[in-house]
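Okay, structure first, notes after.
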Amino acid sequence: MVRVRASLSQLPAYVPGRKLPGAIVLASNESPYGLLPGVAATLTETAVGVSRYPDLHAASLVEALAEHHGVEPDWIAVGAGSSEVCGQLLHTVVGPGDEVVFGWRSFEAYPILTAVAGGTAVKVPLRDHTLDLDAMAAAITSRTRLVFVCNPNNPTSTAVGARALTDFADRVPPDVLIVVDEAYREYADPARVPDGLALLGDRPNVAVLRTFSKAYGLAGLRVGYCVAQPAIAAHVRRTQVPFSVSALAQRAAVVALGEEAEVARRAALTVAERDRVTAALRALGHDVPDSHANFLWLPLGQDSGDFALHCASGKVMVRPFLGEGVRVTIGLPEENDTLLALAASWRG
């Protein structure tokens with residue numbers, strides 16, 4: 001009988017947002033606006049080439065990202081979504097027994113990918129639904145190799161400011177990699193939530209993680225990347241699964257980068273809806289934290305499952321974290337209205 005790693009049986013399962021035929025899906029933090037116009041136009045012409053392998057090095061995409069961020073191409077490492085890049089970063093610095101620190105609750109993939117890399121997850125409780133950077137800094141030991149800072153934080157939608165993030169980075173030893181995960185950057189107010197690359201990009205132990213899955217509307221094509229100093233980025237590239245970013249994904253991401261104005265317009269629509277839904281839920285008595293992402297957090301505790309079931313009965317799928325809260329993605333106005341009507345009829 002083949003021996004498998006015993007630790008695999010202990011891996012938590014990644015739980016995606018549920019999708020039900022005919023239901024409104026507000027569970028996966030996707031953009032509700034579909035493909036960007038230029039992306040839709042380019043997919044058909046690119047699809048004819050998928051019988052061939054994609055560019056292993058994603059050179060066109062890397063060059064476009066480097067220009068977009070004002071860095072040299074050797075600062076960029078790409079992967080099949082930011083989840084894969086998280087794994088690449090972990091495999092770059094983490095070995096058996098090494099520790100990885102992150103706030104909890106945060107992105108579900110962190111503990112899974114940490115375990116796959118052979119590391120030990122150190123979960124630091126949030127404070128007021130927000131990353132407790134002081135406690136995270138205190139949790140770093142001589143065994144710590146990487147710290148994830150999800151900003152804005154998924155699933156609680158909260159964010160830490162520039163001063164707090166800088167103070168935290170000052171406290172992290174230089175041999176510990178700080179990964180600032182900014183999957184929801186496009187929805188954050190730059191006056192309140194710092195750009196991790198602009199704030200910390202000159203530090204050799206910082207990598208900033210971004211994705212095309214959210215505001216750029218490419219969740220199904222799987223493109224993510226990190227920006228880090230060349231010494232780190234080179235090692236991250238070595239850990240990528242060969243050809244993991246398809247030709248379609250590479251081309252679509254390049255085109256999407258060129259539609260920055262439309263991305264910003266769509267993000268602004270989502271932010272306006274986010275603020276409207278927040279106000280309506282608060283008027284219903286819900287304690288909704290200020291969101292800096294394209295979703296809201298309802299800290300319903302033991303009522304989280306019941307609320308999600310109530311929404312599902314009305315053909316709206318939300319994402320419950322049992323015993324903790326419910327994450328609600330901001331959709332189109334009519335979809336959000338349906339969610340609000342269900343929230344008003346719920347008796348928790």
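Ligands are numbered from 1 in the order shown, residues from 1 within each chain, and chains are lettered A, B, ... in the order they appear in the structure tokens.
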For the contact check between segment 260-292 of chain A and segment 172-188 of chain A, emit one row per residue of segment 260-292 of chain A within 8 Å, containing the shortest atom pair and the distance in Å rounded to one decimal, counting only C-alpha atoms, chain then rising number order, as CSV.
residue,atom,partner,partner_atom,distance
A:Ala264,CA,A:Glu186,CA,7.3
A:Ala267,CA,A:Tyr187,CA,5.8
A:Ala268,CA,A:Tyr187,CA,7.4
A:Thr270,CA,A:Tyr187,CA,7.8
A:Val271,CA,A:Tyr187,CA,6.5
A:His292,CA,A:Ala188,CA,4.7
Restricting the output to N, CA, C and O atoms, write the selected residues as a PDB file, in the first residue's frame.
ATOM      1  N   ALA A 264     -11.501  51.000 -12.849  1.00  0.00           N
ATOM      2  CA  ALA A 264     -11.768  51.982 -11.791  1.00  0.00           C
ATOM      3  C   ALA A 264     -13.241  52.363 -11.758  1.00  0.00           C
ATOM      4  O   ALA A 264     -13.831  52.531 -10.679  1.00  0.00           O
ATOM      5  N   ALA A 267     -15.135  49.486 -10.170  1.00  0.00           N
ATOM      6  CA  ALA A 267     -14.835  49.428  -8.739  1.00  0.00           C
ATOM      7  C   ALA A 267     -15.610  50.511  -7.990  1.00  0.00           C
ATOM      8  O   ALA A 267     -16.121  50.270  -6.883  1.00  0.00           O
ATOM      9  N   ALA A 268     -15.713  51.700  -8.589  1.00  0.00           N
ATOM     10  CA  ALA A 268     -16.452  52.796  -7.951  1.00  0.00           C
ATOM     11  C   ALA A 268     -17.936  52.447  -7.816  1.00  0.00           C
ATOM     12  O   ALA A 268     -18.576  52.785  -6.803  1.00  0.00           O
ATOM     13  N   THR A 270     -19.119  49.434  -7.426  1.00  0.00           N
ATOM     14  CA  THR A 270     -19.188  48.466  -6.331  1.00  0.00           C
ATOM     15  C   THR A 270     -19.060  49.150  -4.983  1.00  0.00           C
ATOM     16  O   THR A 270     -19.778  48.819  -4.022  1.00  0.00           O
ATOM     17  N   VAL A 271     -18.153  50.108  -4.873  1.00  0.00           N
ATOM     18  CA  VAL A 271     -17.966  50.832  -3.615  1.00  0.00           C
ATOM     19  C   VAL A 271     -19.242  51.584  -3.237  1.00  0.00           C
ATOM     20  O   VAL A 271     -19.658  51.592  -2.067  1.00  0.00           O
ATOM     21  N   HIS A 292     -13.496  47.745   3.239  1.00  0.00           N
ATOM     22  CA  HIS A 292     -12.557  48.323   2.276  1.00  0.00           C
ATOM     23  C   HIS A 292     -12.393  47.405   1.076  1.00  0.00           C
ATOM     24  O   HIS A 292     -11.428  47.534   0.319  1.00  0.00           O
TER      25      HIS A 292
END
Query raised in the report: Where does DSSP see helix (DSSP H, G or I) in segment 147-186 of chain A, if you list the residues as a VMD selection string?
Result: chain A and resid 162 to 171 185 to 186
Those selected residues, please, written with all heavy atoms and delivered as an mmCIF file, in the first residue's frame.
data_model
loop_
_atom_site.group_PDB
_atom_site.id
_atom_site.type_symbol
_atom_site.label_atom_id
_atom_site.label_comp_id
_atom_site.auth_asym_id
_atom_site.auth_seq_id
_atom_site.Cartn_x
_atom_site.Cartn_y
_atom_site.Cartn_z
ATOM 1 N N ALA A 162 -1.492 53.036 7.086
ATOM 2 C CA ALA A 162 -0.076 53.128 6.732
ATOM 3 C C ALA A 162 0.829 53.120 7.960
ATOM 4 O O ALA A 162 1.854 52.425 7.988
ATOM 5 C CB ALA A 162 0.165 54.388 5.902
ATOM 6 N N ARG A 163 0.472 53.887 8.974
ATOM 7 C CA ARG A 163 1.323 53.960 10.165
ATOM 8 C C ARG A 163 1.431 52.598 10.844
ATOM 9 O O ARG A 163 2.526 52.149 11.226
ATOM 10 C CB ARG A 163 0.769 55.004 11.140
ATOM 11 C CG ARG A 163 1.561 55.124 12.451
ATOM 12 C CD ARG A 163 2.989 55.587 12.209
ATOM 13 N NE ARG A 163 3.731 55.672 13.456
ATOM 14 C CZ ARG A 163 3.750 56.757 14.244
ATOM 15 N NH1 ARG A 163 3.044 57.837 13.914
ATOM 16 N NH2 ARG A 163 4.465 56.766 15.345
ATOM 17 N N ALA A 164 0.298 51.916 10.989
ATOM 18 C CA ALA A 164 0.305 50.608 11.639
ATOM 19 C C ALA A 164 1.125 49.607 10.837
ATOM 20 O O ALA A 164 1.876 48.804 11.402
ATOM 21 C CB ALA A 164 -1.125 50.106 11.816
ATOM 22 N N LEU A 165 0.998 49.657 9.510
ATOM 23 C CA LEU A 165 1.720 48.708 8.669
ATOM 24 C C LEU A 165 3.223 48.986 8.693
ATOM 25 O O LEU A 165 4.037 48.053 8.763
ATOM 26 C CB LEU A 165 1.181 48.778 7.239
ATOM 27 C CG LEU A 165 1.650 47.683 6.280
ATOM 28 C CD1 LEU A 165 1.357 46.297 6.831
ATOM 29 C CD2 LEU A 165 0.985 47.862 4.915
ATOM 30 N N THR A 166 3.598 50.247 8.668
ATOM 31 C CA THR A 166 5.024 50.591 8.730
ATOM 32 C C THR A 166 5.625 50.197 10.070
ATOM 33 O O THR A 166 6.730 49.632 10.134
ATOM 34 C CB THR A 166 5.212 52.093 8.490
ATOM 35 O OG1 THR A 166 4.665 52.449 7.219
ATOM 36 C CG2 THR A 166 6.693 52.451 8.500
ATOM 37 N N ASP A 167 4.910 50.507 11.146
ATOM 38 C CA ASP A 167 5.408 50.132 12.480
ATOM 39 C C ASP A 167 5.581 48.627 12.595
ATOM 40 O O ASP A 167 6.542 48.139 13.195
ATOM 41 C CB ASP A 167 4.444 50.637 13.564
ATOM 42 C CG ASP A 167 4.492 52.153 13.727
ATOM 43 O OD1 ASP A 167 5.414 52.780 13.173
ATOM 44 O OD2 ASP A 167 3.601 52.697 14.407
ATOM 45 N N PHE A 168 4.636 47.887 12.020
ATOM 46 C CA PHE A 168 4.727 46.431 12.045
ATOM 47 C C PHE A 168 5.960 45.956 11.280
ATOM 48 O O PHE A 168 6.730 45.123 11.779
ATOM 49 C CB PHE A 168 3.462 45.825 11.440
ATOM 50 C CG PHE A 168 3.523 44.341 11.249
ATOM 51 C CD1 PHE A 168 3.394 43.484 12.328
ATOM 52 C CD2 PHE A 168 3.705 43.795 9.983
ATOM 53 C CE1 PHE A 168 3.450 42.109 12.161
ATOM 54 C CE2 PHE A 168 3.761 42.423 9.809
ATOM 55 C CZ PHE A 168 3.642 41.578 10.898
ATOM 56 N N ALA A 169 6.148 46.483 10.085
ATOM 57 C CA ALA A 169 7.296 46.071 9.270
ATOM 58 C C ALA A 169 8.611 46.370 9.979
ATOM 59 O O ALA A 169 9.577 45.601 9.860
ATOM 60 C CB ALA A 169 7.247 46.767 7.913
ATOM 61 N N ASP A 170 8.639 47.459 10.730
ATOM 62 C CA ASP A 170 9.863 47.800 11.478
ATOM 63 C C ASP A 170 10.173 46.764 12.552
ATOM 64 O O ASP A 170 11.333 46.591 12.936
ATOM 65 C CB ASP A 170 9.704 49.173 12.137
ATOM 66 C CG ASP A 170 9.773 50.322 11.136
ATOM 67 O OD1 ASP A 170 10.280 50.103 10.024
ATOM 68 O OD2 ASP A 170 9.300 51.429 11.481
ATOM 69 N N ARG A 171 9.146 46.086 13.051
ATOM 70 C CA ARG A 171 9.328 45.120 14.136
ATOM 71 C C ARG A 171 9.635 43.709 13.645
ATOM 72 O O ARG A 171 10.039 42.858 14.433
ATOM 73 C CB ARG A 171 8.074 45.095 15.021
ATOM 74 C CG ARG A 171 7.792 46.421 15.730
ATOM 75 C CD ARG A 171 6.479 46.366 16.496
ATOM 76 N NE ARG A 171 6.493 45.367 17.565
ATOM 77 C CZ ARG A 171 5.439 45.080 18.322
ATOM 78 N NH1 ARG A 171 4.285 45.725 18.115
ATOM 79 N NH2 ARG A 171 5.525 44.166 19.277
ATOM 80 N N ARG A 185 -7.277 45.447 -3.426
ATOM 81 C CA ARG A 185 -6.700 46.788 -3.431
ATOM 82 C C ARG A 185 -7.567 47.797 -4.189
ATOM 83 O O ARG A 185 -7.725 48.942 -3.767
ATOM 84 C CB ARG A 185 -5.301 46.722 -4.060
ATOM 85 C CG ARG A 185 -4.645 48.064 -4.316
ATOM 86 C CD ARG A 185 -4.250 48.725 -3.022
ATOM 87 N NE ARG A 185 -4.134 50.170 -3.182
ATOM 88 C CZ ARG A 185 -4.179 51.029 -2.173
ATOM 89 N NH1 ARG A 185 -4.353 50.585 -0.955
ATOM 90 N NH2 ARG A 185 -4.057 52.312 -2.378
ATOM 91 N N GLU A 186 -8.136 47.393 -5.317
ATOM 92 C CA GLU A 186 -8.863 48.331 -6.179
ATOM 93 C C GLU A 186 -10.124 48.895 -5.526
ATOM 94 O O GLU A 186 -10.657 49.912 -5.974
ATOM 95 C CB GLU A 186 -9.227 47.654 -7.502
ATOM 96 C CG GLU A 186 -8.037 47.343 -8.386
ATOM 97 C CD GLU A 186 -7.275 46.088 -7.973
ATOM 98 O OE1 GLU A 186 -7.788 45.345 -7.103
ATOM 99 O OE2 GLU A 186 -6.188 45.841 -8.524
#
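When only C-alpha atoms are used to measure the gap to Ser313 of chain A, the shortest distance among A:Asn294, A:Ser345, A:Thr329, A:Asn29 belongs to A:Ser345.
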Requested in this report: Please identify all polymer residues within 10 Å of Val71 of chain A, counting only C-alpha atoms, omitting same-chain residues fewer than 5 positions from it, and present them as a ChimeraX atom specification.
Outcome: /A:63,65-66,76,227-229
Any chance you could export the current selection's N, CA, C and O atoms as a PDB file, in the first residue's frame?
ATOM      1  N   GLU A  63       6.223  41.917 -18.508  1.00  0.00           N
ATOM      2  CA  GLU A  63       6.625  43.253 -18.956  1.00  0.00           C
ATOM      3  C   GLU A  63       5.505  44.266 -18.722  1.00  0.00           C
ATOM      4  O   GLU A  63       5.752  45.400 -18.298  1.00  0.00           O
ATOM      5  N   LEU A  65       3.141  44.106 -16.438  1.00  0.00           N
ATOM      6  CA  LEU A  65       3.033  44.343 -15.001  1.00  0.00           C
ATOM      7  C   LEU A  65       4.169  45.232 -14.497  1.00  0.00           C
ATOM      8  O   LEU A  65       3.956  46.116 -13.649  1.00  0.00           O
ATOM      9  N   ALA A  66       5.354  45.005 -15.006  1.00  0.00           N
ATOM     10  CA  ALA A  66       6.495  45.826 -14.599  1.00  0.00           C
ATOM     11  C   ALA A  66       6.263  47.284 -14.973  1.00  0.00           C
ATOM     12  O   ALA A  66       6.505  48.197 -14.163  1.00  0.00           O
ATOM     13  N   ILE A  76       8.943  40.840 -10.807  1.00  0.00           N
ATOM     14  CA  ILE A  76       7.619  40.242 -10.964  1.00  0.00           C
ATOM     15  C   ILE A  76       7.707  38.720 -11.003  1.00  0.00           C
ATOM     16  O   ILE A  76       8.568  38.144 -11.677  1.00  0.00           O
ATOM     17  N   VAL A 227       4.980  41.279  -6.439  1.00  0.00           N
ATOM     18  CA  VAL A 227       6.054  42.223  -6.728  1.00  0.00           C
ATOM     19  C   VAL A 227       6.995  42.180  -5.536  1.00  0.00           C
ATOM     20  O   VAL A 227       6.574  42.401  -4.395  1.00  0.00           O
ATOM     21  N   ALA A 228       8.235  41.854  -5.792  1.00  0.00           N
ATOM     22  CA  ALA A 228       9.225  41.737  -4.724  1.00  0.00           C
ATOM     23  C   ALA A 228      10.597  42.055  -5.290  1.00  0.00           C
ATOM     24  O   ALA A 228      10.801  42.031  -6.514  1.00  0.00           O
ATOM     25  N   GLN A 229      11.519  42.338  -4.410  1.00  0.00           N
ATOM     26  CA  GLN A 229      12.864  42.618  -4.885  1.00  0.00           C
ATOM     27  C   GLN A 229      13.407  41.396  -5.632  1.00  0.00           C
ATOM     28  O   GLN A 229      13.041  40.253  -5.333  1.00  0.00           O
TER      29      GLN A 229
END
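The gap separating atom CA of Cys150 of chain A from atom CA of Thr211 of chain A is 12.7 Å, in Å to one decimal.
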Requested in this report: Please provide the set of residues having any atom within 7 Å of Pro155 of chain A, restricted to only C-alpha atoms, with same-chain residues fewer than 3 positions apart removed, written as a ChimeraX atom specification.
Outcome: /A:106-107,297,327
Query raised in the report: Leaving out Lys123 of chain A and any residue of its chain fewer than 5 positions from it, which residues lie within 9 Å of it when counting only C-alpha atoms, given as an MDAnalysis selection string?
Result: chainID A and resid 100:105 111 136 139
Requested in this report: Please indicate the distance in Å from atom CA of Pro12 of chain A to atom CA of Val241 of chain A, rounded to one decimal place.
Outcome: 22.4 Å
**Report entry** Contacts of Ala159 of chain A at 7 Å (only C-alpha atoms; same-chain gap of 2+ positions) as a VMD selection string
**Finding:** chain A and resid 130 151 to 153 157 161 193 292
Using N, CA, C and O atoms, can you write the selected residues to a file as a PDB file, in the first residue's frame?
ATOM      1  N   THR A 130     -10.289  43.105  12.923  1.00  0.00           N
ATOM      2  CA  THR A 130      -9.158  43.676  12.188  1.00  0.00           C
ATOM      3  C   THR A 130      -7.870  42.981  12.601  1.00  0.00           C
ATOM      4  O   THR A 130      -7.733  42.543  13.752  1.00  0.00           O
ATOM      5  N   ASN A 151      -4.584  42.670   3.469  1.00  0.00           N
ATOM      6  CA  ASN A 151      -5.024  44.056   3.664  1.00  0.00           C
ATOM      7  C   ASN A 151      -5.586  44.627   2.355  1.00  0.00           C
ATOM      8  O   ASN A 151      -4.820  44.915   1.438  1.00  0.00           O
ATOM      9  N   PRO A 152      -6.923  44.795   2.277  1.00  0.00           N
ATOM     10  CA  PRO A 152      -7.972  44.494   3.240  1.00  0.00           C
ATOM     11  C   PRO A 152      -8.065  42.999   3.535  1.00  0.00           C
ATOM     12  O   PRO A 152      -7.710  42.177   2.706  1.00  0.00           O
ATOM     13  N   ASN A 153      -8.594  42.711   4.727  1.00  0.00           N
ATOM     14  CA  ASN A 153      -8.617  41.329   5.193  1.00  0.00           C
ATOM     15  C   ASN A 153      -9.860  40.598   4.689  1.00  0.00           C
ATOM     16  O   ASN A 153     -10.976  41.099   4.784  1.00  0.00           O
ATOM     17  N   SER A 157     -13.235  42.184   5.767  1.00  0.00           N
ATOM     18  CA  SER A 157     -13.331  43.423   4.976  1.00  0.00           C
ATOM     19  C   SER A 157     -12.598  44.611   5.570  1.00  0.00           C
ATOM     20  O   SER A 157     -12.587  45.692   4.981  1.00  0.00           O
ATOM     21  N   GLY A 161      -3.992  50.757   8.526  1.00  0.00           N
ATOM     22  CA  GLY A 161      -3.487  51.958   7.881  1.00  0.00           C
ATOM     23  C   GLY A 161      -1.982  51.956   7.701  1.00  0.00           C
ATOM     24  O   GLY A 161      -1.267  51.045   8.130  1.00  0.00           O
ATOM     25  N   VAL A 193      -6.207  53.298   3.173  1.00  0.00           N
ATOM     26  CA  VAL A 193      -5.533  51.998   3.086  1.00  0.00           C
ATOM     27  C   VAL A 193      -4.296  52.159   2.203  1.00  0.00           C
ATOM     28  O   VAL A 193      -4.412  52.534   1.040  1.00  0.00           O
ATOM     29  N   HIS A 292     -13.496  47.745   3.239  1.00  0.00           N
ATOM     30  CA  HIS A 292     -12.557  48.323   2.276  1.00  0.00           C
ATOM     31  C   HIS A 292     -12.393  47.405   1.076  1.00  0.00           C
ATOM     32  O   HIS A 292     -11.428  47.534   0.319  1.00  0.00           O
TER      33      HIS A 292
END
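As for atom CA of Leu43 of chain A and atom CA of Arg251 of chain A, they are spaced 8.0 Å apart.
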Report task. Run DSSP on the backbone and grab whatever in segment 80-196 of chain A lands in strand (DSSP E or B); send it over as a PyMOL selection string. Result -> chain A and resi 99-104+120-125+127+130+144-150+177-181
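If you count only C-alpha atoms and ignore residues fewer than 4 places along the chain from Gly220 of chain A, what sits within 12 Å of it is Ser28, Glu30, Ser31, Gly34, Leu35, Ala80, Gly81, Thr211, Phe212, Ser213, Lys214, Tyr216, Gly224, Val245, Ser246, Leu248, Ala249, Ala252 and Ala253 of chain A.
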